[in-house]
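This report concerns only the one structure given below.
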Amino acid sequence: LLRKADFVLVQHDRQKEILLRKGIASRVFYNLIDISGLKWIIDTDSASAFVYVGSLDKRKGFEDFFEIVKRTPMHKYRVIGKVRDKTGDRLYRQLADFSNVELMGKLSHSDTINEISRSRALLSTSPMEGFPNIFIEAWGCGVPVLSLFVDPGDVIKREGLGYVAEGNIDLLIKKMSSISRSEEFSINSRTYVQAHHALTDDRLAEIKNIFTGLL
């Protein structure tokens with residue numbers, strides 16, 4: 001299907017490299033979000049809890065998150081999302097017994113952004129993603145991302161937007177003890193989002209030009 005396409009858009013450089021090895025040309029076009037609703041708290045000292053957002057199921061690595069919680073009673077967690085399978089339901093019920101975990105269920109987008117903005121870091125245990133908007137929204141709020149597996153296009157490492165543990169839970173747990181939200185980090189992460197992911201008039205014009213050029 002991709003070989004027959006007139007034009008291929010990808011979310012990050014690594015996807016472009018993978019397609020190029022298959023002889024398929026593509027263009028990187030970053031996910032765009034409306035940054036007007038993103039919040040940036042100044043009092044980062046109050047941001048003590050880690051936030052976990054997404055589908056609560058085996059496919060998204062919820063078992064790994066549960067393992068992290070079990071091994072880190074010294075940290076606080078807020079869990080946002082809906083249970084999607086039997087594994088998620090079983091672990092969700094067990095998490096209710098942890099005094100350091102606040103189960104918030106599924107929230108509206110604005111309430112989710114509010115919880116992210118007052119968090120120490122966003123935790124991700126999903127083993128496979130494209131370019132998650134939730135990462136972009138966290139960075140737009142000045143919040144680092146701690147990812148067990150996913151680093152879209154190596155942007156976390158390249159831009160210093162958090163930490164990627166390459167699938168090693170021990171390394172992720174170790175990093176959790178030292179991660180912090182400095183004002184410098186928040187400025188840098190918001191600058192990155194503004195430059196690459198903000199839905200602006202220029203980006204809308206760029207989208208229009210891409211598709212009108214195919215006519």
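Letters A, B, ... go to the chains of the structure tokens in the order shown; residues in each chain start at 1; ligands are counted from 1 in the same order.
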
Within 9 Å of range 103-119 of chain A: each range 39-99 of chain A residue with its shortest pair, only C-alpha atoms, as a tab-separated table:
residue	atom	partner	partner_atom	distance
A:Lys39	CA	A:Ser117	CA	5.8
A:Trp40	CA	A:Ser117	CA	6.0
A:Ile41	CA	A:Ser117	CA	6.5
A:Asp43	CA	A:Arg118	CA	8.8
A:Thr44	CA	A:Arg118	CA	7.6
A:Ser46	CA	A:Arg118	CA	7.4
A:Ala47	CA	A:Ser119	CA	4.6
A:Ser48	CA	A:Ser119	CA	6.2
A:Ala49	CA	A:Ser119	CA	5.3
A:Phe50	CA	A:Ser119	CA	5.6
A:Val51	CA	A:Ser119	CA	6.1
A:Tyr52	CA	A:Ile116	CA	8.8
A:Val53	CA	A:Thr112	CA	8.1
A:Gly54	CA	A:Lys106	CA	8.8
A:Tyr77	CA	A:Leu103	CA	8.5
A:Arg78	CA	A:Leu103	CA	6.1
A:Val79	CA	A:Leu103	CA	5.0
A:Ile80	CA	A:Gly105	CA	5.2
A:Gly81	CA	A:Lys106	CA	4.4
A:Lys82	CA	A:Lys106	CA	5.4
A:Val83	CA	A:Gly105	CA	8.4
A:Tyr92	CA	A:Leu103	CA	8.2
A:Leu95	CA	A:Leu103	CA	7.9
A:Ala96	CA	A:Leu103	CA	7.0

Using only C-alpha atoms, find each residue in range 1-112 of chain A having at least one atom no more than 9 Å away from range 141-152 of chain A; report its shortest atom-to-atom pair and that distance in Å (one decimal), rows by chain then rising number, as CSV.
residue,atom,partner,partner_atom,distance
A:Gln11,CA,A:Pro152,CA,8.2
A:His12,CA,A:Pro152,CA,6.4
A:Asp13,CA,A:Pro152,CA,8.1
A:Arg14,CA,A:Pro152,CA,7.3
A:Gln15,CA,A:Pro152,CA,8.6
A:Leu38,CA,A:Cys141,CA,5.8
A:Lys39,CA,A:Cys141,CA,5.3
A:Trp40,CA,A:Cys141,CA,4.8
A:Ile41,CA,A:Cys141,CA,7.7
A:Asp64,CA,A:Leu148,CA,8.7

Deliver the residues from the most recent selection as a file, using C-alpha atoms, as a CSV table (one decimal), in the first residue's frame.
chain,number,residue,atom,x,y,z
A,11,GLN,CA,5.8,11.2,12.5
A,12,HIS,CA,9.6,11.1,13.2
A,13,ASP,CA,13.0,10.5,11.7
A,14,ARG,CA,13.3,6.8,12.7
A,15,GLN,CA,10.1,6.0,10.8
A,38,LEU,CA,-1.5,23.7,28.2
A,39,LYS,CA,-0.6,24.7,31.7
A,40,TRP,CA,2.7,25.6,33.1
A,41,ILE,CA,3.0,25.7,36.9
A,64,ASP,CA,5.4,-3.0,33.9

To one decimal in Å, tell me the separation between CA of Gly153 in chain A and CA of Thr72 in chain A.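 Value for the CA of Gly153 in chain A-CA of Thr72 in chain A distance: 29.4 Å.
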
Measure the distance from CA of Ala121 in chain A to CA of Phe29 in chain A in Å and round it to one decimal.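 Spanning CA of Ala121 in chain A to CA of Phe29 in chain A is a straight-line distance of 26.0 Å.
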
Shell of 12 Å around Arg71 in chain A, only C-alpha atoms, local chain residues under 3 positions omitted, as a PDB file with N, CA, C and O atoms, in the first residue's frame:
ATOM      1  N   ASP A  64       4.108  -3.647  33.561  1.00  0.00           N
ATOM      2  CA  ASP A  64       5.392  -3.045  33.929  1.00  0.00           C
ATOM      3  C   ASP A  64       5.187  -1.870  34.877  1.00  0.00           C
ATOM      4  O   ASP A  64       5.973  -1.672  35.812  1.00  0.00           O
ATOM      5  N   PHE A  65       4.146  -1.086  34.625  1.00  0.00           N
ATOM      6  CA  PHE A  65       3.860   0.021  35.538  1.00  0.00           C
ATOM      7  C   PHE A  65       3.556  -0.500  36.942  1.00  0.00           C
ATOM      8  O   PHE A  65       4.042   0.040  37.946  1.00  0.00           O
ATOM      9  N   PHE A  66       2.768  -1.562  37.013  1.00  0.00           N
ATOM     10  CA  PHE A  66       2.432  -2.147  38.315  1.00  0.00           C
ATOM     11  C   PHE A  66       3.697  -2.614  39.036  1.00  0.00           C
ATOM     12  O   PHE A  66       3.851  -2.417  40.247  1.00  0.00           O
ATOM     13  N   GLU A  67       4.614  -3.199  38.296  1.00  0.00           N
ATOM     14  CA  GLU A  67       5.878  -3.655  38.880  1.00  0.00           C
ATOM     15  C   GLU A  67       6.674  -2.480  39.441  1.00  0.00           C
ATOM     16  O   GLU A  67       7.262  -2.564  40.524  1.00  0.00           O
ATOM     17  N   ILE A  68       6.682  -1.377  38.707  1.00  0.00           N
ATOM     18  CA  ILE A  68       7.387  -0.175  39.167  1.00  0.00           C
ATOM     19  C   ILE A  68       6.776   0.341  40.469  1.00  0.00           C
ATOM     20  O   ILE A  68       7.493   0.679  41.419  1.00  0.00           O
ATOM     21  N   MET A  74       8.243   4.635  47.962  1.00  0.00           N
ATOM     22  CA  MET A  74       8.633   5.991  48.358  1.00  0.00           C
ATOM     23  C   MET A  74       8.081   7.063  47.410  1.00  0.00           C
ATOM     24  O   MET A  74       8.116   8.249  47.718  1.00  0.00           O
ATOM     25  N   HIS A  75       7.569   6.651  46.245  1.00  0.00           N
ATOM     26  CA  HIS A  75       7.051   7.606  45.259  1.00  0.00           C
ATOM     27  C   HIS A  75       5.522   7.618  45.252  1.00  0.00           C
ATOM     28  O   HIS A  75       4.876   6.618  45.575  1.00  0.00           O
ATOM     29  N   LYS A  76       4.972   8.741  44.855  1.00  0.00           N
ATOM     30  CA  LYS A  76       3.521   8.883  44.718  1.00  0.00           C
ATOM     31  C   LYS A  76       3.141   8.824  43.241  1.00  0.00           C
ATOM     32  O   LYS A  76       3.885   9.286  42.379  1.00  0.00           O
ATOM     33  N   PHE A  98      -2.882   0.373  47.353  1.00  0.00           N
ATOM     34  CA  PHE A  98      -1.612   1.068  47.568  1.00  0.00           C
ATOM     35  C   PHE A  98      -1.882   2.492  48.052  1.00  0.00           C
ATOM     36  O   PHE A  98      -2.569   3.266  47.380  1.00  0.00           O
ATOM     37  N   ASN A 100       0.100   4.931  48.167  1.00  0.00           N
ATOM     38  CA  ASN A 100       0.822   5.955  47.397  1.00  0.00           C
ATOM     39  C   ASN A 100       0.289   6.112  45.981  1.00  0.00           C
ATOM     40  O   ASN A 100       0.898   6.791  45.164  1.00  0.00           O
ATOM     41  N   ILE A 169      13.730  -1.805  33.580  1.00  0.00           N
ATOM     42  CA  ILE A 169      12.961  -1.237  34.690  1.00  0.00           C
ATOM     43  C   ILE A 169      13.876  -0.728  35.798  1.00  0.00           C
ATOM     44  O   ILE A 169      13.610   0.314  36.416  1.00  0.00           O
ATOM     45  N   ASP A 170      14.958  -1.435  36.074  1.00  0.00           N
ATOM     46  CA  ASP A 170      15.887  -1.005  37.124  1.00  0.00           C
ATOM     47  C   ASP A 170      16.444   0.384  36.843  1.00  0.00           C
ATOM     48  O   ASP A 170      16.554   1.227  37.740  1.00  0.00           O
ATOM     49  N   LEU A 172      15.051   2.696  34.953  1.00  0.00           N
ATOM     50  CA  LEU A 172      13.967   3.680  35.052  1.00  0.00           C
ATOM     51  C   LEU A 172      13.709   4.052  36.507  1.00  0.00           C
ATOM     52  O   LEU A 172      13.575   5.230  36.851  1.00  0.00           O
ATOM     53  N   ILE A 173      13.667   3.050  37.368  1.00  0.00           N
ATOM     54  CA  ILE A 173      13.433   3.300  38.794  1.00  0.00           C
ATOM     55  C   ILE A 173      14.560   4.154  39.372  1.00  0.00           C
ATOM     56  O   ILE A 173      14.313   5.074  40.168  1.00  0.00           O
ATOM     57  N   LYS A 174      15.778   3.869  38.985  1.00  0.00           N
ATOM     58  CA  LYS A 174      16.914   4.651  39.467  1.00  0.00           C
ATOM     59  C   LYS A 174      16.790   6.106  39.041  1.00  0.00           C
ATOM     60  O   LYS A 174      17.041   7.031  39.833  1.00  0.00           O
ATOM     61  N   MET A 176      14.074   7.735  38.403  1.00  0.00           N
ATOM     62  CA  MET A 176      12.938   8.372  39.065  1.00  0.00           C
ATOM     63  C   MET A 176      13.356   9.107  40.331  1.00  0.00           C
ATOM     64  O   MET A 176      12.741  10.111  40.710  1.00  0.00           O
TER      65      MET A 176
END

May I have all residues of range 37-212 of chain A that DSSP, computed from the backbone, assigns to alpha helix (DSSP H), given as a ChimeraX atom specification? /A:62-71,86-95,109-117,133-140,155-159,169-176,183-196,201-212

My list of candidates is A:Lys86, A:Lys4, A:Arg21, A:His196. Which is closest to Phe62 in chain A when distances are computed with only C-alpha atoms?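 Between A:Lys86, A:Lys4, A:Arg21, A:His196, the residue approaching Phe62 in chain A most closely is A:Lys86.
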
CA of Glu206 in chain A to CA of Gly162 in chain A: how many Å, to one decimal? 29.3 Å

With only C-alpha atoms as the atoms that count, which of A:Ile136, A:Leu161, A:Ala195, A:Ala205 lies nearest to Ser182 in chain A?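 For Ser182 in chain A, the nearest of the given residues is A:Leu161.
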
Residues of range 4-207 of chain A classed as strand (DSSP E or B) by DSSP on the backbone are to be reported as a VMD selection string. chain A and resid 9 to 10 27 to 28 33 50 to 53 56 77 to 80 83 101 to 105 121 to 124 145 to 147 162 to 164 198

Do you know which residues are at most 7 Å from Gly61 in chain A counting only C-alpha atoms, after dropping those on the same chain fewer than 5 positions away, and could you put them as a ChimeraX atom specification? /A:125-127

Just the residues within 8 Å of Ala25 in chain A, please, counting only C-alpha atoms, with nothing from its chain fewer than 3 positions along; format it as a JSON list (two decimals) with N, CA, C and O atoms, in the first residue's frame.
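Generated file (out_36.json):
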[["chain", "number", "residue", "atom", "x", "y", "z"],
["A", 8, "VAL", "N", 4.01, 10.01, 1.22],
["A", 8, "VAL", "CA", 3.97, 9.36, 2.52],
["A", 8, "VAL", "C", 4.47, 10.32, 3.59],
["A", 8, "VAL", "O", 5.57, 10.87, 3.48],
["A", 16, "LYS", "N", 11.08, 7.42, 9.09],
["A", 16, "LYS", "CA", 11.57, 7.75, 7.75],
["A", 16, "LYS", "C", 12.72, 6.84, 7.35],
["A", 16, "LYS", "O", 12.78, 6.35, 6.20],
["A", 19, "LEU", "N", 11.46, 3.28, 6.42],
["A", 19, "LEU", "CA", 10.85, 3.23, 5.09],
["A", 19, "LEU", "C", 11.89, 3.37, 3.99],
["A", 19, "LEU", "O", 11.79, 2.73, 2.94],
["A", 20, "LEU", "N", 12.89, 4.22, 4.24],
["A", 20, "LEU", "CA", 13.93, 4.43, 3.23],
["A", 20, "LEU", "C", 14.69, 3.13, 2.96],
["A", 20, "LEU", "O", 15.06, 2.86, 1.81]]
